[in-house]
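Chemist: Next up is a structure, given as structure tokens.
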Amino acid sequence: MSKPIVAIVGRPNVGKSTLFNALAGSKISIVKDYPGVTRDRIYADIHWLNYQFTMIDTGGIEPDSKDQMLKHMREQAEIAIATADVILFLTDVRQGLVDADYKVADMLRKSHKPVVLVINKVDSFQKQMADVYEFYNLGIGEPHPISAASMLGLGDMLDEVIGHIPQEKFEEVEDERPKIAIIGKPNVGKSSIVNRLLGEERVIVSDIAGTTRDAIDTAVRYNKKEYVLIDTAGLRRKNKIKEELERYSIIRTVAAVERADIAVLVIDATEGVTEQDAKIAGIAHERGKGMIIAVNKWDAIEKDDKSVYKFKDKIKEILSFIPYAEILFISAVTGQRLGKLYETIDQVIEAQNTRVQTGVLNEILAEAVAMQQPPSDKGKPLKIYYMTQVAVKPPTFVAFVNDKELMHFSYQRYLENQIRQTFGFQGTSIRMITRERKEKD
């Protein structure tokens with residue numbers, strides 16, 4: 001299910017990161033006392049009552065600044081605004097209403113998106129309400145007083161945010177067609193791959209506007225099956241500052257991956273696999289999506305009989321957290337092995353939806369425990385009573401044990417590997433949940 005997106009925007013140093021951290025429950029954004037510290041948009045999944053949404057923290061908007069970094073931060077915020085379902089416009093009661101707030105408000109009005117005006121650093125609602133009312137002058141709606149640092153007023157603010165999101169955004173719409181997000185850094189050939197996949201002998205069924213400004217969902221039929229390709233190629237910008245390019249990638253990836261079943265991570269063979277590829281892959285991995293790694297521009301590489309193995313080793317080193325990902329070496333220019341991509345997508349979909357009978361699963365569990373004894377602590381051994389599969393997409397298993405604390409990560413990984421060796425699950429992550437139960441139960 002796709003989560004709605006809420007973006008926190010405002011000029012620098014009004015407390016955006018403090019609010020983001022308060023809502024996310026951990027210090028994800030760096031908080032400093034001078035403007036421009038949050039140069040990167042960070043995202044987190046927020047739970048409020050029975051609702052979930054993805055929140056994006058942005059760098060501050062300096063509408064008229066000529067400073068290159070502030071200019072790029074403004075562009076980031078504009079992307080966040082274009083992507084968001086609701087915009088949380090943060091201002092500062094201590095600094096009062098300033099000219100930059102009016103300019104940000106004008107920018108938000110032009111977006112035609114719902115805006116919740118939030119006045120931060122209100123430590124006393126009784127004493128400071130007169131100062132809060134001043135922000136009515138922005139003409140962008142009712143001001144909501146909060147103190148992010150003291151966690152005051154956040155509930156009322158979140159109620160207002162939820163009120164601006166259509167209920168259907170929170171409801172899962174059944175669509176059986178596999179959704180494939182083409183993700184990766186700018187300029188690795190994502191749009192070329194999509195164009196090639198939609199080329200000869202393919203029938204484009206429909207074009208549907210995506211949820212981001214540039215991403216487009218395209219339904220395509222191949223071998224009598226229908227797929228939805230989510231193209232994030234629009235994130236490409238004529239911007240030579242590498243770190244800024246990386247930031248543009250993140251917001252697009254989050255929005256696209258939320259809606260996808262499988263993520264195809266495109267890597268440029270001429271550049272090799274990078275840490276930025278790992279960041280992008282991590283977004284899909286955290287959300288339990290199927291993973292295919294497509295190494296593009298393979299035709300441009302001078303190769304010998306060891307080239308494939310060397311590149312795979314590098315992928316496994318840098319993307320070690322997704323050892324289950326399927327790897328393809330392709331060329332969007334020549335069409336090399338692009339047909340194999342659909343075949344691999346079908347295999348991953350099958351793996352994502354595989355269900356293992358409890359009896360068979362526990363036979364494998366018994367063999368795994370016999371081969372490698374569970375860990376123990378101070379003479380108390382881990383006992384695994386039984387395991388059962390509770391969900392698909394991704395396949396999710398629950399192990400009932402005598403003590404959760406004894407289930408070390410390394411042993412859980414060992415059990416996951418045993419399950420993979422037996423049942424495959426190529427291209428999909430596996431979730432393992434440990435629950436305690438009394439032996440007499």
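Here, A, B, ... name the chains of the structure tokens in the order displayed, residue numbers run from 1 inside each chain, and ligands are numbered from 1 in the same displayed order.
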Just the residues within 9 Å of Thr270 of chain A, please, counting only C-alpha atoms, with nothing from its chain fewer than 3 positions along; format it as a list in words.
Modeler: Ile267, Asn296, Lys297, Trp298, Ala300 and Ile301 of chain A
Chemist: With only C-alpha atoms as the basis for distance, which of A:Tyr342, A:His144, A:Asp305, A:Phe409 is at the shortest distance from Leu229 of chain A?
Modeler: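 Smallest distance to Leu229 of chain A is found for A:Tyr342.
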Chemist: Leaving out segment 361-376 of chain A and any residue of its chain fewer than 3 positions from it, which residues lie within 7 Å of it when counting only C-alpha atoms, given as a PyMOL selection string?
Modeler: chain A and resi 356-358+379-382+386-387+406+415+418
Chemist: Dump N, CA, C and O atoms for the selected residues as a JSON list (two decimals), in the first residue's frame?
Modeler:
```json
[["chain", "number", "residue", "atom", "x", "y", "z"],
["A", 356, "VAL", "N", 4.83, -21.51, 2.29],
["A", 356, "VAL", "CA", 5.40, -22.79, 2.72],
["A", 356, "VAL", "C", 4.50, -23.39, 3.80],
["A", 356, "VAL", "O", 4.16, -22.71, 4.77],
["A", 357, "GLN", "N", 4.13, -24.63, 3.62],
["A", 357, "GLN", "CA", 3.30, -25.30, 4.62],
["A", 357, "GLN", "C", 4.04, -25.41, 5.95],
["A", 357, "GLN", "O", 5.25, -25.67, 5.98],
["A", 358, "THR", "N", 3.31, -25.24, 7.03],
["A", 358, "THR", "CA", 3.93, -25.24, 8.37],
["A", 358, "THR", "C", 4.66, -26.54, 8.65],
["A", 358, "THR", "O", 5.77, -26.54, 9.21],
["A", 379, "GLY", "N", 24.08, -20.66, 30.33],
["A", 379, "GLY", "CA", 23.54, -22.01, 30.48],
["A", 379, "GLY", "C", 22.12, -22.18, 30.01],
["A", 379, "GLY", "O", 21.61, -23.30, 29.96],
["A", 380, "LYS", "N", 21.44, -21.08, 29.63],
["A", 380, "LYS", "CA", 20.06, -21.18, 29.17],
["A", 380, "LYS", "C", 20.05, -21.20, 27.65],
["A", 380, "LYS", "O", 20.40, -20.22, 27.00],
["A", 381, "PRO", "N", 19.65, -22.34, 27.04],
["A", 381, "PRO", "CA", 19.67, -22.43, 25.58],
["A", 381, "PRO", "C", 18.40, -21.86, 24.96],
["A", 381, "PRO", "O", 17.33, -21.85, 25.58],
["A", 382, "LEU", "N", 18.53, -21.36, 23.74],
["A", 382, "LEU", "CA", 17.36, -20.95, 22.97],
["A", 382, "LEU", "C", 16.61, -22.19, 22.53],
["A", 382, "LEU", "O", 17.18, -23.13, 21.98],
["A", 386, "TYR", "N", 8.33, -23.87, 17.29],
["A", 386, "TYR", "CA", 7.93, -24.10, 15.90],
["A", 386, "TYR", "C", 7.93, -22.78, 15.15],
["A", 386, "TYR", "O", 8.07, -21.70, 15.74],
["A", 387, "MET", "N", 7.79, -22.88, 13.83],
["A", 387, "MET", "CA", 7.80, -21.70, 12.96],
["A", 387, "MET", "C", 6.64, -21.82, 11.98],
["A", 387, "MET", "O", 6.28, -22.91, 11.55],
["A", 406, "LEU", "N", 17.47, -14.51, 23.35],
["A", 406, "LEU", "CA", 18.46, -15.52, 22.97],
["A", 406, "LEU", "C", 18.57, -15.69, 21.46],
["A", 406, "LEU", "O", 19.50, -16.33, 20.98],
["A", 415, "LEU", "N", 19.07, -19.27, 10.01],
["A", 415, "LEU", "CA", 17.78, -19.90, 9.71],
["A", 415, "LEU", "C", 17.22, -19.39, 8.38],
["A", 415, "LEU", "O", 16.67, -20.17, 7.59],
["A", 418, "GLN", "N", 18.95, -21.13, 5.59],
["A", 418, "GLN", "CA", 18.47, -22.51, 5.43],
["A", 418, "GLN", "C", 17.14, -22.54, 4.68],
["A", 418, "GLN", "O", 16.91, -23.39, 3.82]]
```
Chemist: Considering only C-alpha atoms, state which residue in the set A:Ala80, A:Ile87, A:Leu158, A:Leu108 is at the smallest distance from Leu23 of chain A.
Modeler: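 Using only C-alpha atoms, the shortest distance to Leu23 of chain A belongs to A:Leu158.
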Chemist: Using only C-alpha atoms, which of the listed residues (A:Lys185, A:Asp131, A:Ile81, A:Gly155) sits closest to His112 of chain A?
Modeler: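 Closest to His112 of chain A, using only C-alpha atoms: A:Ile81.
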Chemist: Of the candidates A:Leu117, A:Ala325, A:Ile430, A:Ile180, which one gets nearest to Ala260 of chain A if we count only C-alpha atoms?
Modeler: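 Checking each candidate against Ala260 of chain A, we get A:Ile180 as the closest.
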Chemist: Smallest atom-to-atom distance to Leu90 of chain A: which of A:Gly10, A:Arg109, A:Tyr51, A:Gly153, using only C-alpha atoms?
Modeler: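 Selected residue with least distance to Leu90 of chain A: A:Gly10.
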Chemist: Please report, as an NGL selection string, each residue of segment 100-197 of chain A to which DSSP assigns strand (DSSP E or B) when run on this structure's backbone.
Modeler: :A and (115-120 or 143-145 or 147 or 152 or 179-183)
Chemist: Record the distance separating atom CA of Leu328 of chain A and atom CA of Val295 of chain A, expressed in Å with one decimal.
Modeler: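 About the pair atom CA of Leu328 of chain A and atom CA of Val295 of chain A: they are 6.1 Å apart.
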Chemist: Would you pick out the contacts of Gln347 of chain A at 10 Å or less, using only C-alpha atoms, so that residues sharing its chain but fewer than 3 positions from it are not included, and give the list as a ChimeraX atom specification?
Modeler: /A:326,341-344,350-352,425-428
Chemist: Could you please take those selected residues and save N, CA, C and O atoms as a PDB file, in the first residue's frame?
Modeler:
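part35.pdb, freshly written:
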```
ATOM      1  N   GLU A 326      18.453 -10.465  -7.480  1.00  0.00           N
ATOM      2  CA  GLU A 326      18.819 -11.034  -8.768  1.00  0.00           C
ATOM      3  C   GLU A 326      19.661 -10.010  -9.529  1.00  0.00           C
ATOM      4  O   GLU A 326      19.375  -8.804  -9.490  1.00  0.00           O
ATOM      5  N   LEU A 341      14.730  -9.441 -18.397  1.00  0.00           N
ATOM      6  CA  LEU A 341      14.250  -8.663 -17.259  1.00  0.00           C
ATOM      7  C   LEU A 341      12.819  -9.053 -16.906  1.00  0.00           C
ATOM      8  O   LEU A 341      12.491  -9.258 -15.736  1.00  0.00           O
ATOM      9  N   TYR A 342      11.944  -9.170 -17.909  1.00  0.00           N
ATOM     10  CA  TYR A 342      10.560  -9.585 -17.641  1.00  0.00           C
ATOM     11  C   TYR A 342      10.518 -10.984 -17.028  1.00  0.00           C
ATOM     12  O   TYR A 342       9.752 -11.254 -16.104  1.00  0.00           O
ATOM     13  N   GLU A 343      11.337 -11.874 -17.562  1.00  0.00           N
ATOM     14  CA  GLU A 343      11.394 -13.246 -17.042  1.00  0.00           C
ATOM     15  C   GLU A 343      11.820 -13.238 -15.573  1.00  0.00           C
ATOM     16  O   GLU A 343      11.247 -13.952 -14.736  1.00  0.00           O
ATOM     17  N   THR A 344      12.806 -12.397 -15.244  1.00  0.00           N
ATOM     18  CA  THR A 344      13.283 -12.306 -13.862  1.00  0.00           C
ATOM     19  C   THR A 344      12.218 -11.688 -12.963  1.00  0.00           C
ATOM     20  O   THR A 344      12.032 -12.114 -11.818  1.00  0.00           O
ATOM     21  N   GLU A 350       6.808 -14.602  -8.254  1.00  0.00           N
ATOM     22  CA  GLU A 350       6.467 -15.947  -7.763  1.00  0.00           C
ATOM     23  C   GLU A 350       7.087 -16.198  -6.392  1.00  0.00           C
ATOM     24  O   GLU A 350       6.444 -16.720  -5.480  1.00  0.00           O
ATOM     25  N   ALA A 351       8.358 -15.787  -6.229  1.00  0.00           N
ATOM     26  CA  ALA A 351       9.036 -15.965  -4.938  1.00  0.00           C
ATOM     27  C   ALA A 351       8.360 -15.151  -3.840  1.00  0.00           C
ATOM     28  O   ALA A 351       8.184 -15.617  -2.709  1.00  0.00           O
ATOM     29  N   GLN A 352       7.961 -13.903  -4.171  1.00  0.00           N
ATOM     30  CA  GLN A 352       7.311 -13.043  -3.186  1.00  0.00           C
ATOM     31  C   GLN A 352       5.999 -13.642  -2.669  1.00  0.00           C
ATOM     32  O   GLN A 352       5.603 -13.397  -1.536  1.00  0.00           O
ATOM     33  N   PHE A 425      13.238 -18.406  -2.870  1.00  0.00           N
ATOM     34  CA  PHE A 425      12.923 -17.012  -2.545  1.00  0.00           C
ATOM     35  C   PHE A 425      13.905 -16.044  -3.218  1.00  0.00           C
ATOM     36  O   PHE A 425      14.289 -15.031  -2.639  1.00  0.00           O
ATOM     37  N   GLN A 426      14.284 -16.370  -4.469  1.00  0.00           N
ATOM     38  CA  GLN A 426      15.194 -15.482  -5.192  1.00  0.00           C
ATOM     39  C   GLN A 426      14.537 -14.124  -5.433  1.00  0.00           C
ATOM     40  O   GLN A 426      13.392 -14.046  -5.846  1.00  0.00           O
ATOM     41  N   GLY A 427      15.305 -13.081  -5.174  1.00  0.00           N
ATOM     42  CA  GLY A 427      14.868 -11.743  -5.495  1.00  0.00           C
ATOM     43  C   GLY A 427      13.977 -11.089  -4.462  1.00  0.00           C
ATOM     44  O   GLY A 427      13.595  -9.933  -4.632  1.00  0.00           O
ATOM     45  N   THR A 428      13.625 -11.784  -3.402  1.00  0.00           N
ATOM     46  CA  THR A 428      12.754 -11.182  -2.393  1.00  0.00           C
ATOM     47  C   THR A 428      13.387 -11.261  -1.015  1.00  0.00           C
ATOM     48  O   THR A 428      14.071 -12.238  -0.690  1.00  0.00           O
TER      49      THR A 428
END
```
Chemist: Which of these, A:Ser124, A:Thr434, A:Thr83, A:Ser150, has the shortest distance to Ser111 of chain A once you count only C-alpha atoms?
Modeler: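 Distance minimum relative to Ser111 of chain A lands on A:Thr83.
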Chemist: Find the residues near Val257 of chain A: any atom within 7 Å, counting only C-alpha atoms, skip ones fewer than 4 places away on the same chain, and give them as a list in words.
Modeler: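 These residues fall inside the cut-off: Ala181, Thr253, Ala263 and Ala284 of chain A.
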